[in-house]
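query-v1.cif (mmCIF, C-alpha atoms)
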data_query
loop_
_atom_site.group_PDB
_atom_site.id
_atom_site.type_symbol
_atom_site.label_atom_id
_atom_site.label_comp_id
_atom_site.auth_asym_id
_atom_site.auth_seq_id
_atom_site.Cartn_x
_atom_site.Cartn_y
_atom_site.Cartn_z
ATOM 1 C CA MET T 16 20.427 -68.536 -3.559
ATOM 2 C CA PRO T 17 24.077 -68.298 -2.468
ATOM 3 C CA GLU T 18 24.981 -67.703 1.147
ATOM 4 C CA ARG T 19 25.545 -64.126 2.178
ATOM 5 C CA LYS T 20 29.240 -63.598 2.766
ATOM 6 C CA LEU T 21 29.381 -60.344 4.632
ATOM 7 C CA ILE T 22 32.858 -60.773 6.051
ATOM 8 C CA ALA T 23 34.271 -62.107 2.760
ATOM 9 C CA THR T 24 32.977 -59.022 0.932
ATOM 10 C CA LEU T 25 34.637 -56.667 3.409
ATOM 11 C CA ARG T 26 37.836 -58.706 3.273
ATOM 12 C CA ALA T 27 37.879 -58.431 -0.521
ATOM 13 C CA LEU T 28 37.573 -54.633 -0.330
ATOM 14 C CA HIS T 29 40.274 -54.435 2.322
ATOM 15 C CA SER T 30 42.638 -56.813 0.496
ATOM 16 C CA GLY T 31 42.167 -54.817 -2.684
ATOM 17 C CA GLY T 32 43.464 -51.705 -0.966
ATOM 18 C CA VAL T 33 40.102 -49.914 -1.094
ATOM 19 C CA GLU T 34 39.599 -47.010 1.315
ATOM 20 C CA PHE T 35 36.089 -47.305 2.708
ATOM 21 C CA ILE T 36 33.970 -46.838 5.819
ATOM 22 C CA LEU T 37 31.366 -49.357 6.917
ATOM 23 C CA VAL T 38 28.054 -47.562 7.565
ATOM 24 C CA GLY T 39 24.364 -48.499 7.832
ATOM 25 C CA GLY T 40 22.972 -51.564 9.555
ATOM 26 C CA LEU T 41 26.230 -53.515 9.615
ATOM 27 C CA ALA T 42 27.998 -50.598 11.287
ATOM 28 C CA ALA T 43 25.198 -50.571 13.853
ATOM 29 C CA VAL T 44 25.699 -54.295 14.518
ATOM 30 C CA VAL T 45 29.469 -53.982 14.809
ATOM 31 C CA ASN T 46 28.883 -51.149 17.291
ATOM 32 C CA GLY T 47 26.679 -53.464 19.360
ATOM 33 C CA ALA T 48 23.144 -52.604 18.221
ATOM 34 C CA PRO T 49 20.870 -55.673 17.900
ATOM 35 C CA VAL T 50 19.407 -54.914 14.463
ATOM 36 C CA ASP T 51 18.964 -57.161 11.434
ATOM 37 C CA THR T 52 20.342 -56.244 8.045
ATOM 38 C CA PHE T 53 20.930 -58.113 4.815
ATOM 39 C CA ASP T 54 23.157 -55.824 2.794
ATOM 40 C CA ILE T 55 26.469 -54.056 3.154
ATOM 41 C CA ASP T 56 26.607 -50.258 3.000
ATOM 42 C CA VAL T 57 29.968 -48.579 2.607
ATOM 43 C CA VAL T 58 31.092 -45.027 1.870
ATOM 44 C CA HIS T 59 34.141 -45.160 -0.354
ATOM 45 C CA SER T 60 36.807 -42.597 -1.064
ATOM 46 C CA ARG T 61 36.108 -41.057 -4.483
ATOM 47 C CA HIS T 62 39.774 -40.292 -5.048
ATOM 48 C CA PRO T 63 40.755 -41.513 -8.552
ATOM 49 C CA ALA T 64 43.344 -43.994 -7.215
ATOM 50 C CA ASN T 65 40.763 -45.488 -4.871
ATOM 51 C CA VAL T 66 38.188 -45.687 -7.640
ATOM 52 C CA ASP T 67 40.703 -47.766 -9.622
ATOM 53 C CA HIS T 68 41.224 -50.130 -6.681
ATOM 54 C CA LEU T 69 37.489 -50.407 -6.188
ATOM 55 C CA LEU T 70 36.864 -51.185 -9.845
ATOM 56 C CA SER T 71 39.350 -54.069 -9.679
ATOM 57 C CA VAL T 72 37.664 -55.553 -6.607
ATOM 58 C CA LEU T 73 34.188 -55.133 -8.119
ATOM 59 C CA GLU T 74 35.330 -56.911 -11.267
ATOM 60 C CA ALA T 75 36.651 -59.801 -9.159
ATOM 61 C CA LEU T 76 33.351 -59.938 -7.264
ATOM 62 C CA ASP T 77 31.360 -59.867 -10.531
ATOM 63 C CA ALA T 78 29.453 -56.810 -9.321
ATOM 64 C CA MET T 79 26.531 -55.404 -11.289
ATOM 65 C CA PHE T 80 23.597 -53.092 -10.641
ATOM 66 C CA ARG T 81 20.732 -54.842 -8.837
ATOM 67 C CA ILE T 82 17.987 -52.971 -10.658
ATOM 68 C CA GLN T 83 18.184 -55.044 -13.850
ATOM 69 C CA PRO T 84 20.477 -57.998 -13.159
ATOM 70 C CA GLU T 85 19.571 -59.596 -16.480
ATOM 71 C CA ARG T 86 21.292 -56.706 -18.303
ATOM 72 C CA ARG T 87 24.469 -57.213 -16.254
ATOM 73 C CA LEU T 88 25.176 -53.488 -16.048
ATOM 74 C CA LYS T 89 28.551 -52.993 -14.410
ATOM 75 C CA PRO T 90 29.596 -49.905 -12.455
ATOM 76 C CA ASN T 91 32.267 -47.750 -14.066
ATOM 77 C CA ALA T 92 34.726 -45.134 -12.811
ATOM 78 C CA SER T 93 32.266 -42.314 -13.455
ATOM 79 C CA HIS T 94 29.623 -44.008 -11.302
ATOM 80 C CA LEU T 95 32.116 -44.543 -8.483
ATOM 81 C CA ALA T 96 33.316 -40.937 -8.611
ATOM 82 C CA SER T 97 29.792 -39.620 -8.143
ATOM 83 C CA THR T 98 28.129 -38.683 -4.849
ATOM 84 C CA GLY T 99 25.233 -41.042 -5.533
ATOM 85 C CA HIS T 100 24.311 -44.488 -4.271
ATOM 86 C CA LEU T 101 25.177 -47.612 -6.268
ATOM 87 C CA ASN T 102 22.979 -50.597 -5.398
ATOM 88 C CA LEU T 103 24.985 -53.598 -6.549
ATOM 89 C CA ILE T 104 24.756 -57.365 -6.382
ATOM 90 C CA THR T 105 27.976 -59.374 -6.193
ATOM 91 C CA ARG T 106 28.707 -63.080 -6.030
ATOM 92 C CA TYR T 107 28.757 -62.637 -2.240
ATOM 93 C CA GLY T 108 25.422 -60.797 -2.030
ATOM 94 C CA PRO T 109 24.155 -57.199 -2.079
ATOM 95 C CA LEU T 110 26.649 -54.347 -1.745
ATOM 96 C CA ASP T 111 25.705 -50.669 -1.652
ATOM 97 C CA LEU T 112 28.453 -48.179 -2.477
ATOM 98 C CA LEU T 113 27.592 -44.713 -1.259
ATOM 99 C CA GLY T 114 29.446 -41.648 -2.508
ATOM 100 C CA THR T 115 27.934 -39.618 0.319
ATOM 101 C CA ILE T 116 25.396 -40.083 3.102
ATOM 102 C CA GLY T 117 23.247 -37.603 5.033
ATOM 103 C CA ARG T 118 23.886 -34.038 3.959
ATOM 104 C CA ASP T 119 26.750 -34.597 1.541
ATOM 105 C CA LEU T 120 29.005 -36.410 3.978
ATOM 106 C CA GLY T 121 31.670 -38.262 2.035
ATOM 107 C CA TYR T 122 34.646 -40.368 3.038
ATOM 108 C CA GLN T 123 36.775 -37.351 3.984
ATOM 109 C CA GLU T 124 34.060 -35.844 6.179
ATOM 110 C CA LEU T 125 33.309 -39.159 7.924
ATOM 111 C CA ILE T 126 36.816 -40.474 8.513
ATOM 112 C CA SER T 127 37.272 -38.672 11.837
ATOM 113 C CA HIS T 128 34.039 -40.305 13.066
ATOM 114 C CA SER T 129 35.063 -43.780 11.941
ATOM 115 C CA PRO T 130 37.535 -45.545 14.195
ATOM 116 C CA GLU T 131 39.235 -48.706 12.989
ATOM 117 C CA MET T 132 37.772 -51.888 14.469
ATOM 118 C CA ASP T 133 38.790 -55.544 14.301
ATOM 119 C CA ILE T 134 35.905 -57.325 12.623
ATOM 120 C CA SER T 135 37.508 -60.673 11.802
ATOM 121 C CA ALA T 136 40.895 -62.376 12.035
ATOM 122 C CA GLY T 137 43.402 -60.086 10.331
ATOM 123 C CA LEU T 138 40.686 -57.723 9.176
ATOM 124 C CA ARG T 139 40.632 -54.221 10.631
ATOM 125 C CA ILE T 140 38.421 -51.639 8.942
ATOM 126 C CA ARG T 141 36.905 -48.233 9.593
ATOM 127 C CA VAL T 142 33.366 -48.313 11.026
ATOM 128 C CA LEU T 143 31.128 -45.267 11.432
ATOM 129 C CA ASP T 144 30.536 -44.565 15.129
ATOM 130 C CA LEU T 145 27.087 -44.753 16.702
ATOM 131 C CA GLU T 146 26.841 -41.024 17.390
ATOM 132 C CA THR T 147 27.282 -40.156 13.706
ATOM 133 C CA LEU T 148 25.089 -43.030 12.557
ATOM 134 C CA ILE T 149 22.273 -41.680 14.741
ATOM 135 C CA ALA T 150 22.850 -38.093 13.576
ATOM 136 C CA VAL T 151 22.674 -39.129 9.903
ATOM 137 C CA LYS T 152 19.487 -41.122 10.423
ATOM 138 C CA GLU T 153 17.915 -38.250 12.363
ATOM 139 C CA GLU T 154 18.763 -35.865 9.516
ATOM 140 C CA LEU T 155 17.331 -38.144 6.849
ATOM 141 C CA GLY T 156 14.177 -38.776 8.841
ATOM 142 C CA GLY T 157 12.790 -41.500 6.583
ATOM 143 C CA GLU T 158 10.421 -44.086 8.008
ATOM 144 C CA LYS T 159 13.009 -46.873 7.796
ATOM 145 C CA ASP T 160 15.620 -44.703 9.499
ATOM 146 C CA ARG T 161 13.263 -43.556 12.241
ATOM 147 C CA ALA T 162 12.261 -47.150 13.007
ATOM 148 C CA VAL T 163 15.759 -48.145 14.053
ATOM 149 C CA LEU T 164 16.620 -44.970 15.971
ATOM 150 C CA PRO T 165 15.305 -46.088 19.406
ATOM 151 C CA ILE T 166 17.567 -49.161 19.312
ATOM 152 C CA LEU T 167 20.598 -47.112 18.249
ATOM 153 C CA ARG T 168 20.003 -44.483 20.936
ATOM 154 C CA ARG T 169 19.612 -47.078 23.701
ATOM 155 C CA THR T 170 22.706 -48.917 22.516
ATOM 156 C CA LEU T 171 24.674 -45.678 22.694
ATOM 157 C CA GLU T 172 23.383 -45.065 26.240
ATOM 158 C CA GLU T 173 24.405 -48.549 27.331
ATOM 159 C CA LYS T 174 27.832 -48.179 25.728
ATOM 160 C CA ARG T 175 28.398 -44.906 27.549
ATOM 161 C CA LYS T 176 27.478 -46.532 30.866
ATOM 162 C CA ARG T 177 30.160 -49.150 30.208
ATOM 163 C CA SER T 178 32.903 -46.738 29.276
ATOM 164 C CA PRO T 179 32.207 -43.340 30.848
ATOM 165 C CA MET H 6 5.467 -67.940 38.833
ATOM 166 C CA ALA H 7 3.026 -65.022 38.814
ATOM 167 C CA ALA H 8 3.042 -62.799 35.732
ATOM 168 C CA ASP H 9 4.097 -59.796 37.821
ATOM 169 C CA ASP H 10 7.300 -61.580 38.767
ATOM 170 C CA LEU H 11 8.537 -61.136 35.201
ATOM 171 C CA THR H 12 9.021 -57.423 35.736
ATOM 172 C CA ASP H 13 12.213 -58.243 37.590
ATOM 173 C CA LEU H 14 13.385 -60.493 34.796
ATOM 174 C CA THR H 15 12.995 -58.121 31.872
ATOM 175 C CA ASP H 16 14.341 -54.675 31.139
ATOM 176 C CA TYR H 17 12.684 -52.569 28.466
ATOM 177 C CA SER H 18 13.273 -48.878 27.891
ATOM 178 C CA PRO H 19 10.231 -46.567 27.958
ATOM 179 C CA ASP H 20 10.174 -46.680 24.134
ATOM 180 C CA GLY H 21 10.047 -50.481 24.120
ATOM 181 C CA VAL H 22 13.646 -51.421 23.364
ATOM 182 C CA ASP H 23 14.881 -54.679 24.916
ATOM 183 C CA LEU H 24 17.896 -53.539 26.907
ATOM 184 C CA THR H 25 18.905 -57.100 27.804
ATOM 185 C CA LEU H 26 19.489 -57.772 24.101
ATOM 186 C CA ILE H 27 21.635 -54.667 23.757
ATOM 187 C CA ARG H 28 23.701 -55.637 26.812
ATOM 188 C CA TRP H 29 24.199 -59.111 25.406
ATOM 189 C CA MET H 30 25.384 -57.656 22.073
ATOM 190 C CA LEU H 31 27.754 -55.310 23.893
ATOM 191 C CA SER H 32 29.221 -58.266 25.774
ATOM 192 C CA LEU H 33 30.493 -59.624 22.424
ATOM 193 C CA THR H 34 33.504 -58.361 20.494
ATOM 194 C CA PRO H 35 32.821 -56.524 17.195
ATOM 195 C CA ALA H 36 34.019 -59.615 15.307
ATOM 196 C CA GLU H 37 31.670 -61.879 17.276
ATOM 197 C CA ARG H 38 28.754 -59.520 16.564
ATOM 198 C CA LEU H 39 29.421 -59.683 12.841
ATOM 199 C CA GLU H 40 29.811 -63.473 12.867
ATOM 200 C CA TYR H 41 26.527 -63.784 14.739
ATOM 201 C CA LEU H 42 24.732 -61.602 12.185
ATOM 202 C CA GLU H 43 26.215 -63.537 9.264
ATOM 203 C CA GLU H 44 25.039 -66.829 10.747
ATOM 204 C CA ARG H 45 21.596 -65.381 11.437
ATOM 205 C CA VAL H 46 21.223 -64.009 7.921
ATOM 206 C CA ASN H 47 22.220 -67.353 6.404
ATOM 207 C CA ASP H 48 19.806 -69.195 8.696
ATOM 208 C CA ILE H 49 16.982 -66.906 7.569
ATOM 209 C CA ILE H 50 17.860 -67.435 3.899
ATOM 210 C CA ALA H 51 17.867 -71.212 4.446
ATOM 211 C CA ILE H 52 14.416 -71.060 6.057
ATOM 212 C CA ARG H 53 13.081 -68.916 3.203
ATOM 213 C CA GLU H 54 14.469 -71.364 0.631
ATOM 214 C CA LEU H 55 12.969 -74.304 2.458
ATOM 215 C CA ASN H 56 9.554 -72.672 2.481
ATOM 216 C CA ALA H 57 9.791 -71.554 -1.123
ATOM 217 C CA ARG H 58 10.042 -75.217 -2.158
ATOM 218 C CA THR H 59 7.029 -76.383 -0.169
#

Just dump the structure as structure tokens.
Amino acid sequence: MPERKLIATLRALHSGGVEFILVGGLAAVVNGAPVDTFDIDVVHSRHPANVDHLLSVLEALDAMFRIQPERRLKPNASHLASTGHLNLITRYGPLDLLGTIGRDLGYQELISHSPEMDISAGLRIRVLDLETLIAVKEELGGEKDRAVLPILRRTLEEKRKRSP
Amino acid sequence: MAADDLTDLTDYSPDGVDLTLIRWMLSLTPAERLEYLEERVNDIIAIRELNART
């Protein structure tokens, strides 16, 4: 099994000019929450120009749907323009592209809650803030989401103590 | 050291979250947090592979 290349995946999206917001477990980690996660969740802009950029990067990463990797089903522009979730596998590991999260929150709705953060040398991307991450997980209310909420809430409390 | 002495050396929230771990994570930069996770994930994969072969 190849190594997971989390940073390389994000760098590929960024270098390809893709507008996206890092969400999910990785966003929690970047915000300081000690949680484990194995995949990358991003909300991408569904603007046609961005979909084109994203398709080029996905082609370079040899992305295909995880559900039946033997069929090598590749995402197309219609998939990327939808509000749904695309569970992909790339040569760098799993990558989930989310048209929306929570109650129909897309890139445009989330951008004001997603400050840019330096996550590697020369790599500055938008990351969903902890407050919104918690709100989305509270709304969804699934077992997996509820399990991580105590850690996210305590991390937010500690962050606020540090920068009142 | 008596077991009770550990209460001064740990810090858990009422819902069981290890606050010392959170404070340690917050002491890192966002880039360092991501690097740490990437290393951890790859370590876990290596351990899984090792055990899959035995």

Give me the residues near Arg38 of chain H as a list in words, where near means some atom within 8 Å (using all atoms listed in the file) and where sequence neighbours in that chain fewer than 3 positions away do not count.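 Non-adjacent residues within range: Val44, Val45 and Gly47 of chain T; Met30, Leu33, Thr34, Pro35, Tyr41 and Leu42 of chain H.
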
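Separating atom CA of Glu158 of chain T from atom CA of Gly114 of chain T is a distance of 21.9 Å.
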
Exercise answer, chain T residues close to chain H, 8 Å and all atoms listed in the file, as number ranges by chain: T: 16, 18-22, 41, 44-49, 51-53, 132-135, 165-166, 169-170, 173-174

Atoms kept (C-alpha atoms) for selection, written as a PDB file, in the frame of the given file:
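selection16.pdb, freshly written:
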ATOM      1  CA  MET T  16      20.427 -68.536  -3.559  1.00  0.00           C
ATOM      2  CA  GLU T  18      24.981 -67.703   1.147  1.00  0.00           C
ATOM      3  CA  ARG T  19      25.545 -64.126   2.178  1.00  0.00           C
ATOM      4  CA  LYS T  20      29.240 -63.598   2.766  1.00  0.00           C
ATOM      5  CA  LEU T  21      29.381 -60.344   4.632  1.00  0.00           C
ATOM      6  CA  ILE T  22      32.858 -60.773   6.051  1.00  0.00           C
ATOM      7  CA  LEU T  41      26.230 -53.515   9.615  1.00  0.00           C
ATOM      8  CA  VAL T  44      25.699 -54.295  14.518  1.00  0.00           C
ATOM      9  CA  VAL T  45      29.469 -53.982  14.809  1.00  0.00           C
ATOM     10  CA  ASN T  46      28.883 -51.149  17.291  1.00  0.00           C
ATOM     11  CA  GLY T  47      26.679 -53.464  19.360  1.00  0.00           C
ATOM     12  CA  ALA T  48      23.144 -52.604  18.221  1.00  0.00           C
ATOM     13  CA  PRO T  49      20.870 -55.673  17.900  1.00  0.00           C
ATOM     14  CA  ASP T  51      18.964 -57.161  11.434  1.00  0.00           C
ATOM     15  CA  THR T  52      20.342 -56.244   8.045  1.00  0.00           C
ATOM     16  CA  PHE T  53      20.930 -58.113   4.815  1.00  0.00           C
ATOM     17  CA  MET T 132      37.772 -51.888  14.469  1.00  0.00           C
ATOM     18  CA  ASP T 133      38.790 -55.544  14.301  1.00  0.00           C
ATOM     19  CA  ILE T 134      35.905 -57.325  12.623  1.00  0.00           C
ATOM     20  CA  SER T 135      37.508 -60.673  11.802  1.00  0.00           C
ATOM     21  CA  PRO T 165      15.305 -46.088  19.406  1.00  0.00           C
ATOM     22  CA  ILE T 166      17.567 -49.161  19.312  1.00  0.00           C
ATOM     23  CA  ARG T 169      19.612 -47.078  23.701  1.00  0.00           C
ATOM     24  CA  THR T 170      22.706 -48.917  22.516  1.00  0.00           C
ATOM     25  CA  GLU T 173      24.405 -48.549  27.331  1.00  0.00           C
ATOM     26  CA  LYS T 174      27.832 -48.179  25.728  1.00  0.00           C
TER      27      LYS T 174
END

Which residues would end up in the selection if the PyMOL selection byres ((chain T and resi 149-153) around 10) were applied here, given that I need the answer as a ChimeraX atom specification? /T:39,43,116-118,120,144-148,154-168,171

List the neighbours of Glu131 of chain T out to 12 Å using all atoms listed in the file; skip same-chain residues closer than 4 positions along the sequence, and give me the result as a tab-separated table (two decimals) with C-alpha atoms, in the frame of the given file.
chain	number	residue	atom	x	y	z
T	34	GLU	CA	39.60	-47.01	1.32
T	35	PHE	CA	36.09	-47.30	2.71
T	36	ILE	CA	33.97	-46.84	5.82
T	37	LEU	CA	31.37	-49.36	6.92
T	42	ALA	CA	28.00	-50.60	11.29
T	45	VAL	CA	29.47	-53.98	14.81
T	46	ASN	CA	28.88	-51.15	17.29
T	126	ILE	CA	36.82	-40.47	8.51
T	127	SER	CA	37.27	-38.67	11.84
T	138	LEU	CA	40.69	-57.72	9.18
T	139	ARG	CA	40.63	-54.22	10.63
T	140	ILE	CA	38.42	-51.64	8.94
T	141	ARG	CA	36.90	-48.23	9.59
T	142	VAL	CA	33.37	-48.31	11.03
T	143	LEU	CA	31.13	-45.27	11.43
T	144	ASP	CA	30.54	-44.56	15.13
H	35	PRO	CA	32.82	-56.52	17.20

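One finds atom CA of Arg61 of chain T at 5.0 Å from atom CA of Ala96 of chain T.
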
In Å, rounded to a single decimal, give me how far atom CA of Val66 of chain T is from atom CA of Leu95 of chain T.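 Distance between the two atoms: 6.2 Å.
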
The PyMOL selection byres ((chain T and resi 80) around 8) - which residues does that actually catch in the file I just gave you? List them as a VMD selection string. chain T and resid 78 to 79 81 to 84 87 to 90 101 to 104
